[in-house]
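Pasted below: start.cif, mmCIF, C-alpha atoms and all ligand atoms.
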data_my_file
loop_
_atom_site.label_atom_id
_atom_site.label_comp_id
_atom_site.auth_asym_id
_atom_site.auth_seq_id
_atom_site.Cartn_x
_atom_site.Cartn_y
_atom_site.Cartn_z
CA MET N 1 159.19 3.38 103.30
CA GLU N 2 155.91 5.21 103.28
CA ILE N 3 153.02 2.91 104.06
CA ASN N 4 149.64 4.16 103.02
CA SER N 5 147.18 1.40 103.81
CA PHE N 6 143.57 2.48 104.13
CA VAL N 7 142.03 -0.94 104.82
CA SER N 8 141.27 -1.60 108.50
CA GLY N 9 139.27 -4.04 110.60
CA ARG N 10 136.22 -1.87 110.11
CA THR N 11 136.43 -1.59 106.31
CA LYS N 12 133.24 -2.69 104.56
CA VAL N 13 133.24 -4.76 101.38
CA MET N 14 131.37 -4.14 98.15
CA GLY N 15 131.87 -6.28 95.09
CA LEU N 16 131.04 -7.45 91.64
CA VAL N 17 129.72 -10.90 90.78
CA GLY N 18 130.00 -12.05 87.16
CA ASN N 19 132.06 -13.97 84.67
CA PRO N 20 134.33 -12.66 83.23
CA VAL N 21 135.13 -9.72 85.52
CA GLU N 22 138.84 -9.13 84.90
CA HIS N 23 138.33 -6.20 82.55
CA SER N 24 135.66 -4.47 84.61
CA ILE N 25 136.10 -0.76 85.25
CA SER N 26 133.76 -0.90 88.27
CA PRO N 27 136.52 -1.45 90.90
CA PHE N 28 138.24 1.73 89.71
CA LEU N 29 135.03 3.73 89.84
CA HIS N 30 133.75 2.56 93.22
CA ASN N 31 137.12 2.66 94.97
CA THR N 32 137.71 6.17 93.64
CA ILE N 33 134.35 7.32 95.00
CA SER N 34 135.19 5.76 98.40
CA SER N 35 138.61 7.37 98.58
CA VAL N 36 137.26 10.79 97.65
CA THR N 37 134.21 10.67 99.94
CA GLY N 38 136.09 9.02 102.83
CA ILE N 39 133.67 6.07 102.99
CA ASP N 40 135.53 3.17 104.64
CA ALA N 41 134.87 0.50 102.02
CA VAL N 42 136.62 -1.48 99.30
CA TYR N 43 135.18 -2.86 96.08
CA VAL N 44 136.49 -6.11 94.62
CA ALA N 45 135.58 -8.19 91.58
CA PHE N 46 134.59 -11.84 92.12
CA LYS N 47 134.67 -14.18 89.16
CA VAL N 48 131.98 -16.74 89.92
CA GLU N 49 131.34 -19.97 88.00
CA LYS N 50 127.72 -20.73 87.13
CA GLU N 51 127.44 -23.74 89.45
CA SER N 52 128.77 -21.65 92.37
CA LEU N 53 126.40 -18.67 92.09
CA CYS N 54 124.08 -19.82 94.90
CA ASP N 55 127.04 -20.50 97.24
CA ALA N 56 128.62 -17.16 96.31
CA VAL N 57 125.45 -15.29 97.27
CA LYS N 58 125.18 -17.21 100.56
CA GLY N 59 128.84 -16.45 101.24
CA LEU N 60 128.49 -12.73 100.56
CA LYS N 61 125.48 -12.66 102.88
CA ALA N 62 127.31 -14.57 105.61
CA LEU N 63 130.30 -12.23 105.30
CA ASN N 64 127.92 -9.31 105.73
CA VAL N 65 129.10 -7.32 102.70
CA LEU N 66 127.54 -3.90 102.16
CA GLY N 67 126.30 -4.92 98.74
CA PHE N 68 127.39 -6.01 95.30
CA ASN N 69 126.89 -5.52 91.59
CA VAL N 70 125.86 -8.32 89.30
CA THR N 71 126.97 -8.48 85.71
CA VAL N 72 126.82 -10.80 82.71
CA PRO N 73 125.69 -13.58 82.70
CA TYR N 74 123.88 -13.53 86.06
CA LYS N 75 121.59 -10.47 86.05
CA LYS N 76 118.49 -12.62 85.69
CA GLU N 77 119.56 -15.76 87.52
CA ILE N 78 120.63 -13.85 90.64
CA MET N 79 117.03 -12.81 91.33
CA LYS N 80 115.97 -16.19 92.66
CA TYR N 81 118.70 -16.15 95.30
CA LEU N 82 117.71 -12.77 96.77
CA ASP N 83 115.24 -12.12 99.59
CA GLU N 84 113.39 -9.43 97.67
CA ASN N 85 113.55 -7.71 94.28
CA SER N 86 112.33 -4.17 93.57
CA LYS N 87 109.17 -3.72 91.50
CA GLU N 88 111.23 -2.17 88.69
CA ALA N 89 113.75 -5.03 88.73
CA LEU N 90 110.90 -7.54 88.51
CA LEU N 91 109.44 -5.76 85.47
CA MET N 92 112.87 -5.47 83.87
CA GLY N 93 113.63 -9.10 84.65
CA ALA N 94 117.15 -8.21 85.78
CA VAL N 95 119.12 -7.09 88.86
CA ASN N 96 122.51 -5.39 88.66
CA THR N 97 122.72 -4.10 92.24
CA VAL N 98 122.18 -5.95 95.52
CA LYS N 99 122.06 -4.29 98.93
CA ASN N 100 122.46 -6.09 102.22
CA ILE N 101 120.04 -4.68 104.76
CA ASP N 102 120.35 -6.37 108.16
CA GLY N 103 121.20 -9.70 106.62
CA ARG N 104 118.52 -9.61 103.91
CA LEU N 105 119.49 -9.17 100.27
CA TYR N 106 117.49 -6.70 98.14
CA GLY N 107 117.81 -6.55 94.33
CA TYR N 108 117.64 -3.34 92.27
CA ASN N 109 118.23 -2.37 88.67
CA THR N 110 120.28 0.80 88.17
CA ASP N 111 121.11 0.15 84.48
CA ALA N 112 117.92 1.75 83.22
CA GLU N 113 118.21 4.72 85.59
CA GLY N 114 121.84 5.15 84.49
CA PHE N 115 120.81 5.00 80.85
CA SER N 116 118.02 7.54 81.37
CA ARG N 117 120.27 10.06 83.14
CA SER N 118 123.07 9.78 80.60
CA PHE N 119 120.59 10.12 77.73
CA LYS N 120 119.02 13.25 79.20
CA GLU N 121 122.35 14.88 80.02
CA GLU N 122 123.82 14.27 76.59
CA ALA N 123 120.70 14.64 74.43
CA GLY N 124 119.32 17.58 76.37
CA THR N 125 115.83 16.05 76.26
CA GLY N 126 113.87 13.20 77.85
CA PHE N 127 111.41 10.65 76.47
CA LYS N 128 108.08 12.31 77.20
CA GLY N 129 105.95 12.41 74.01
CA LYS N 130 108.78 10.94 71.90
CA SER N 131 108.77 8.04 69.43
CA VAL N 132 111.56 5.59 70.24
CA PHE N 133 112.99 2.69 68.26
CA ILE N 134 114.95 0.05 70.22
CA ILE N 135 117.08 -2.58 68.48
CA GLY N 136 117.47 -5.91 70.29
CA ALA N 137 115.29 -7.78 72.75
CA GLY N 138 117.68 -9.05 75.42
CA GLY N 139 118.01 -7.98 79.04
CA THR N 140 119.35 -4.50 78.23
CA SER N 141 116.54 -3.81 75.78
CA ARG N 142 113.92 -4.92 78.30
CA ALA N 143 115.23 -2.66 81.08
CA ILE N 144 115.57 0.37 78.81
CA ALA N 145 112.18 -0.17 77.14
CA VAL N 146 110.39 -0.38 80.50
CA LYS N 147 112.06 2.85 81.64
CA ILE N 148 111.27 4.75 78.45
CA ALA N 149 107.63 3.65 78.50
CA ALA N 150 107.37 4.60 82.19
CA GLU N 151 108.82 8.03 81.42
CA GLY N 152 105.97 8.85 79.02
CA ALA N 153 107.20 8.03 75.51
CA LYS N 154 104.49 8.27 72.88
CA ARG N 155 105.68 5.12 71.07
CA VAL N 156 108.22 2.43 71.94
CA CYS N 157 109.04 0.14 68.99
CA ILE N 158 111.23 -2.84 69.79
CA ALA N 159 112.78 -4.58 66.79
CA ASN N 160 114.68 -7.82 67.00
CA ARG N 161 116.05 -10.49 64.64
CA THR N 162 113.84 -12.92 66.53
CA ALA N 163 110.52 -11.08 66.45
CA GLU N 164 108.90 -13.17 69.23
CA LYS N 165 111.29 -11.79 71.85
CA ALA N 166 110.45 -8.21 70.86
CA ILE N 167 106.73 -8.97 70.97
CA ASP N 168 107.15 -10.58 74.38
CA ILE N 169 108.71 -7.38 75.78
CA SER N 170 106.11 -5.13 74.14
CA ASP N 171 103.23 -7.26 75.50
CA MET N 172 104.69 -7.04 79.00
CA ILE N 173 105.07 -3.25 78.75
CA ASN N 174 101.55 -2.77 77.37
CA SER N 175 100.10 -4.83 80.24
CA ASN N 176 102.21 -3.48 83.09
CA VAL N 177 103.61 -0.05 82.27
CA ASN N 178 101.93 1.92 79.46
CA SER N 179 100.14 0.85 76.32
CA VAL N 180 102.72 2.38 73.94
CA ALA N 181 104.87 -0.57 72.88
CA ARG N 182 105.10 -2.61 69.70
CA GLY N 183 107.34 -5.57 68.86
CA LEU N 184 108.68 -6.04 65.33
CA GLY N 185 110.95 -8.35 63.39
CA LEU N 186 114.14 -6.46 62.51
CA TYR N 187 113.97 -7.48 58.87
CA GLU N 188 110.25 -6.98 58.23
CA GLU N 189 109.84 -4.42 55.44
CA GLU N 190 107.73 -2.05 57.56
CA THR N 191 110.40 -1.93 60.26
CA LYS N 192 112.63 0.22 58.05
CA ASN N 193 109.90 2.86 57.75
CA VAL N 194 109.40 2.87 61.52
CA PHE N 195 113.18 3.22 61.97
CA ARG N 196 113.25 6.26 59.67
CA ASP N 197 110.26 7.88 61.38
CA CYS N 198 111.21 7.55 65.06
CA GLU N 199 112.83 10.51 66.83
CA ILE N 200 115.14 8.40 69.00
CA ILE N 201 117.01 5.21 67.98
CA ILE N 202 118.74 2.98 70.53
CA ASN N 203 121.01 -0.01 69.88
CA THR N 204 121.01 -2.48 72.79
CA THR N 205 122.72 -5.36 70.95
CA SER N 206 126.40 -6.24 71.07
CA ALA N 207 126.78 -5.87 67.28
CA GLY N 208 129.76 -3.55 66.71
CA MET N 209 131.26 -4.08 70.17
CA PHE N 210 134.99 -4.88 70.51
CA PRO N 211 136.31 -7.15 68.98
CA ASP N 212 133.44 -7.06 66.41
CA ILE N 213 134.51 -3.57 65.27
CA GLY N 214 132.83 -2.86 61.97
CA GLY N 215 129.74 -4.89 62.86
CA SER N 216 126.36 -3.17 62.96
CA PRO N 217 122.92 -4.21 64.22
CA VAL N 218 121.32 -3.06 60.94
CA ASP N 219 122.34 -3.32 57.29
CA ASN N 220 122.60 -0.42 54.87
CA THR N 221 118.95 -0.66 53.81
CA PHE N 222 118.09 1.13 57.07
CA GLU N 223 118.16 4.90 56.66
CA PHE N 224 118.75 7.43 59.41
CA SER N 225 116.84 10.71 59.28
CA LYS N 226 118.49 14.05 59.92
CA GLY N 227 118.07 15.20 63.52
CA GLN N 228 117.40 11.77 65.06
CA ILE N 229 119.06 11.13 68.41
CA VAL N 230 120.99 7.86 68.14
CA TYR N 231 122.23 6.08 71.28
CA ASP N 232 124.44 2.98 71.30
CA VAL N 233 124.83 1.22 74.67
CA ILE N 234 128.30 0.09 73.51
CA TYR N 235 131.23 2.12 74.90
CA ASN N 236 134.10 0.12 73.37
CA PRO N 237 134.80 1.35 70.72
CA PRO N 238 133.56 4.83 71.68
CA LYS N 239 132.25 5.30 68.16
CA THR N 240 130.71 2.16 66.66
CA ARG N 241 130.05 1.84 62.95
CA PHE N 242 126.37 2.34 63.77
CA LEU N 243 127.13 5.72 65.38
CA GLU N 244 129.47 6.64 62.51
CA GLU N 245 126.68 6.05 60.01
CA ALA N 246 124.26 8.06 62.14
CA GLU N 247 126.74 10.93 62.37
CA LYS N 248 127.19 10.95 58.59
CA ASN N 249 123.43 11.48 58.35
CA ASN N 250 123.48 14.47 60.71
CA CYS N 251 122.06 12.66 63.71
CA LYS N 252 123.07 13.43 67.29
CA THR N 253 125.06 10.44 68.59
CA ILE N 254 125.67 9.20 72.14
CA ASN N 255 127.62 6.12 73.28
CA GLY N 256 127.18 3.94 76.37
CA THR N 257 129.90 5.49 78.56
CA GLY N 258 127.42 7.59 80.52
CA MET N 259 125.14 4.62 81.15
CA LEU N 260 128.06 2.62 82.53
CA PHE N 261 129.08 5.55 84.74
CA TYR N 262 125.68 6.41 86.16
CA GLN N 263 124.59 2.82 86.85
CA ALA N 264 127.66 2.63 89.10
CA VAL N 265 126.90 5.97 90.76
CA TYR N 266 123.32 4.91 91.55
CA ALA N 267 124.52 1.57 92.93
CA TYR N 268 126.98 3.37 95.20
CA GLU N 269 124.24 5.68 96.44
CA ILE N 270 121.99 2.69 97.20
CA TRP N 271 124.71 0.94 99.23
CA THR N 272 125.88 3.95 101.22
CA GLY N 273 122.85 6.26 101.37
CA LEU N 274 125.12 9.06 100.09
CA LYS N 275 123.90 11.53 97.48
CA LEU N 276 126.85 12.36 95.25
CA GLY N 277 126.98 16.01 94.17
CA ASP N 278 126.77 17.11 90.54
CA GLU N 279 130.12 18.92 90.61
CA PHE N 280 131.93 15.89 92.00
CA LEU N 281 130.22 13.62 89.47
CA ALA N 282 131.17 15.86 86.55
CA GLU N 283 134.82 15.76 87.60
CA LEU N 284 134.77 11.99 88.18
CA TYR N 285 133.05 11.42 84.84
CA ALA N 286 135.78 13.34 83.00
CA SER N 287 138.54 11.16 84.59
CA PHE N 288 136.50 8.04 83.96
CA LYS N 289 136.20 8.84 80.23
CA ASN N 290 139.95 9.38 80.00
CA ILE N 291 140.68 6.05 81.64
CA LEU N 292 138.25 4.24 79.35
CA LEU N 293 139.92 5.75 76.30
CA LYS N 294 143.33 4.47 77.45
CA LYS N 295 142.04 0.93 78.09
P1 LIG L 301 121.78 -8.35 76.87
O1 LIG L 301 121.28 -9.01 78.12
O2 LIG L 301 123.11 -7.66 77.04
O3 LIG L 301 120.76 -7.46 76.25
P2 LIG L 301 121.24 -10.70 75.29
O4 LIG L 301 120.18 -11.09 76.26
O5 LIG L 301 122.22 -11.73 74.84
O6 LIG L 301 122.12 -9.50 75.83
O7 LIG L 301 120.50 -10.05 74.00
C1 LIG L 301 121.17 -9.67 72.88
C2 LIG L 301 120.18 -9.13 71.85
O8 LIG L 301 120.92 -8.60 70.78
C3 LIG L 301 119.24 -10.15 71.27
O9 LIG L 301 117.99 -9.54 71.08
C4 LIG L 301 119.89 -10.51 69.94
O10 LIG L 301 118.98 -10.90 68.92
P3 LIG L 301 118.31 -12.38 68.90
O11 LIG L 301 117.32 -12.40 70.02
O12 LIG L 301 117.67 -12.52 67.59
O13 LIG L 301 119.46 -13.34 69.10
C5 LIG L 301 120.50 -9.19 69.56
N1 LIG L 301 121.66 -9.30 68.69
C6 LIG L 301 122.88 -9.82 69.01
N2 LIG L 301 123.73 -9.72 67.97
C7 LIG L 301 123.05 -9.13 66.95
C8 LIG L 301 123.37 -8.75 65.61
N3 LIG L 301 124.58 -8.98 65.11
N4 LIG L 301 122.42 -8.16 64.86
C9 LIG L 301 121.19 -7.93 65.35
N5 LIG L 301 120.81 -8.26 66.62
C10 LIG L 301 121.72 -8.85 67.41
#
I need this file expressed as structure tokens, please.
Ligand code: ATR
Amino acid sequence: MEINSFVSGRTKVMGLVGNPVEHSISPFLHNTISSVTGIDAVYVAFKVEKESLCDAVKGLKALNVLGFNVTVPYKKEIMKYLDENSKEALLMGAVNTVKNIDGRLYGYNTDAEGFSRSFKEEAGTGFKGKSVFIIGAGGTSRAIAVKIAAEGAKRVCIANRTAEKAIDISDMINSNVNSVARGLGLYEEETKNVFRDCEIIINTTSAGMFPDIGGSPVDNTFEFSKGQIVYDVIYNPPKTRFLEEAEKNNCKTINGTGMLFYQAVYAYEIWTGLKLGDEFLAELYASFKNILLKK
């Protein structure tokens, strides 16, 4: 019998807090990074019920974990249980990464940074001077919109079924980041013209996500323009109906796999202080994409 146990009395713990967590790919990603870099740590997923969130955070602190990720539905609620939240996380209204520093818990948001890196790598351009149209006005939209405005976009239009939520995000951005944002109702007539005219279109809603395959955040009265860069934060399925339509209209399409990957990479770097090399990341990303496709 060959025994190959790598967990010892010194092994540090990292984790994921959310509900549900069973299908998360994060344990695979983080444990792979640890095994390749030789960092003595394990990453486990904790399914936490809503009424136990405060106790779970206290427990993780008492157990002196290295840090943890936070996922749906707790990215906002977690903030009140932490000792401090980063300026960006406060603006974005969400934390997905918590680091334990000498018994104090610090909240960060790596979703937007992950989105930004994956966009730039796959689109070959950033947001400076660009007009951007964002569909949805939930937590993901807020984080992405703040990032894009901070990175110098010329125009950030946020369109949502419930217009008030989009206007709320645009007001916050105009007051705190850059005066470039505008909130719109998704089904206002003018919104379709804005959609057609923007250079970059981003879907942040869950419309079209498994099992809602075939769903789309917009109806067929919305027209893509040739050459637009269209990003869908959904990674399952890898090509949503929204991206299919965009592709038919000669747009460049990108799905959410890179965002998922890089938010994890940035979280790992925050916890360990490591800077993961580009070559290693490229190799890991290729394996990660294969595993996602088989899931
Ligand atoms: P997250 O935190 O992941 O962004 P959320 O806070 O639940 O998720 O936000 C989901 C967003 O997607 C909302 O803006 C929602 O619109 P409403 O505010 O009008 O509810 C939007 N959304 C969800 N399903 C949608 C659909 N089928 N078509 C258009 N927008 C949709």
>> 6 Å from ligand LIG 301 (chain L) is the threshold here; counting all atoms listed in the file, which polymer residues fall inside it? Answer as a count of residues only.
In response: 13
Between N:Lys99, N:Lys12, N:Arg182, N:Lys128, smallest distance to Ala150 in chain N by only C-alpha atoms belongs to N:Lys128
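Using only C-alpha atoms for every distance, the candidate list N:Ile3, N:Ala264, N:Phe224, N:Asn203 yields N:Ala264 as the residue closest to Thr71 in chain N.
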Got a sec: who's within 8 Å of Phe115 in chain N, counting only C-alpha atoms, leaving out chain neighbours fewer than 5 positions off, as a list in words?
Ile144, Gly256, Gly258, Met259, Leu260, Tyr262 and Gln263 of chain N
Report as a list in words all protein, DNA and RNA residues lying within 8 Å of range 188-199 of chain N, evaluated on all atoms listed in the file, omitting residues in the same chain fewer than 3 positions from it.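 Non-adjacent residues within range: Lys130, Ser131, Val132, Phe133, Cys157, Ala159, Leu184, Gly185, Thr221, Phe222, Glu223, Phe224, Ser225, Gly227, Gln228 and Ile229 of chain N.
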Produce a file of the selected residues containing C-alpha atoms, as a CSV table (one decimal), keeping the file's coordinate frame.
chain,number,residue,atom,x,y,z
N,130,LYS,CA,108.8,10.9,71.9
N,131,SER,CA,108.8,8.0,69.4
N,132,VAL,CA,111.6,5.6,70.2
N,133,PHE,CA,113.0,2.7,68.3
N,157,CYS,CA,109.0,0.1,69.0
N,159,ALA,CA,112.8,-4.6,66.8
N,184,LEU,CA,108.7,-6.0,65.3
N,185,GLY,CA,111.0,-8.4,63.4
N,221,THR,CA,119.0,-0.7,53.8
N,222,PHE,CA,118.1,1.1,57.1
N,223,GLU,CA,118.2,4.9,56.7
N,224,PHE,CA,118.8,7.4,59.4
N,225,SER,CA,116.8,10.7,59.3
N,227,GLY,CA,118.1,15.2,63.5
N,228,GLN,CA,117.4,11.8,65.1
N,229,ILE,CA,119.1,11.1,68.4
Problem set entry | Residues within 10 Å of Ile78 in chain N, all atoms listed in the file, excluding chain neighbours under 4 positions, as a PyMOL selection string | chain N and resi 17+53-54+57+70-71+73-74+82+94-96+98+107
Serialized selection, C-alpha atoms, as a short mmCIF file (atom, residue, chain, number, x, y, z; two decimals), keeping the file's coordinate frame:
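In the end it all went to part_15.cif:
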data_model
loop_
_atom_site.label_atom_id
_atom_site.label_comp_id
_atom_site.auth_asym_id
_atom_site.auth_seq_id
_atom_site.Cartn_x
_atom_site.Cartn_y
_atom_site.Cartn_z
CA VAL N 17 129.72 -10.90 90.78
CA LEU N 53 126.40 -18.67 92.09
CA CYS N 54 124.08 -19.82 94.90
CA VAL N 57 125.45 -15.29 97.27
CA VAL N 70 125.86 -8.32 89.30
CA THR N 71 126.97 -8.48 85.71
CA PRO N 73 125.69 -13.58 82.70
CA TYR N 74 123.88 -13.53 86.06
CA LEU N 82 117.71 -12.77 96.77
CA ALA N 94 117.15 -8.21 85.78
CA VAL N 95 119.12 -7.09 88.86
CA ASN N 96 122.51 -5.39 88.66
CA VAL N 98 122.18 -5.95 95.52
CA GLY N 107 117.81 -6.55 94.33
#
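CA of Glu164 in chain N to CA of Gly114 in chain N spans 27.1 Å [interatomic distance, one decimal].
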Check: Near Ser86 in chain N, counting only C-alpha atoms, which residues have an atom at most 8 Å away, once you skip same-chain residues fewer than 4 positions from it, shown as a count of residues only?
Finding: 5
task = Could you tell me which of N:Met14, N:Val48, N:Ile254, N:Val156 comes closest to Asn69 in chain N if we count all atoms listed in the file?
result =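 Closest to Asn69 in chain N, using all atoms listed in the file: N:Met14.
Note that CA of Met92 in chain N and CA of Ala62 in chain N are 27.6 Å apart.
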For Tyr43 in chain N, the nearest of the candidates N:Phe127, N:Phe119, N:Phe28, N:Phe242, counting only C-alpha atoms:
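Once distances to Tyr43 in chain N are computed over only C-alpha atoms, the minimum belongs to N:Phe28.
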For this session: Identify the residues within 10 Å of coordinate (132.6, -4.6, 99.7) (same frame as the file), considering all atoms listed in the file, and give the answer as an MDAnalysis selection string.
Result: chainID N and resid 11:16 30:31 40:45 60 63:69 271
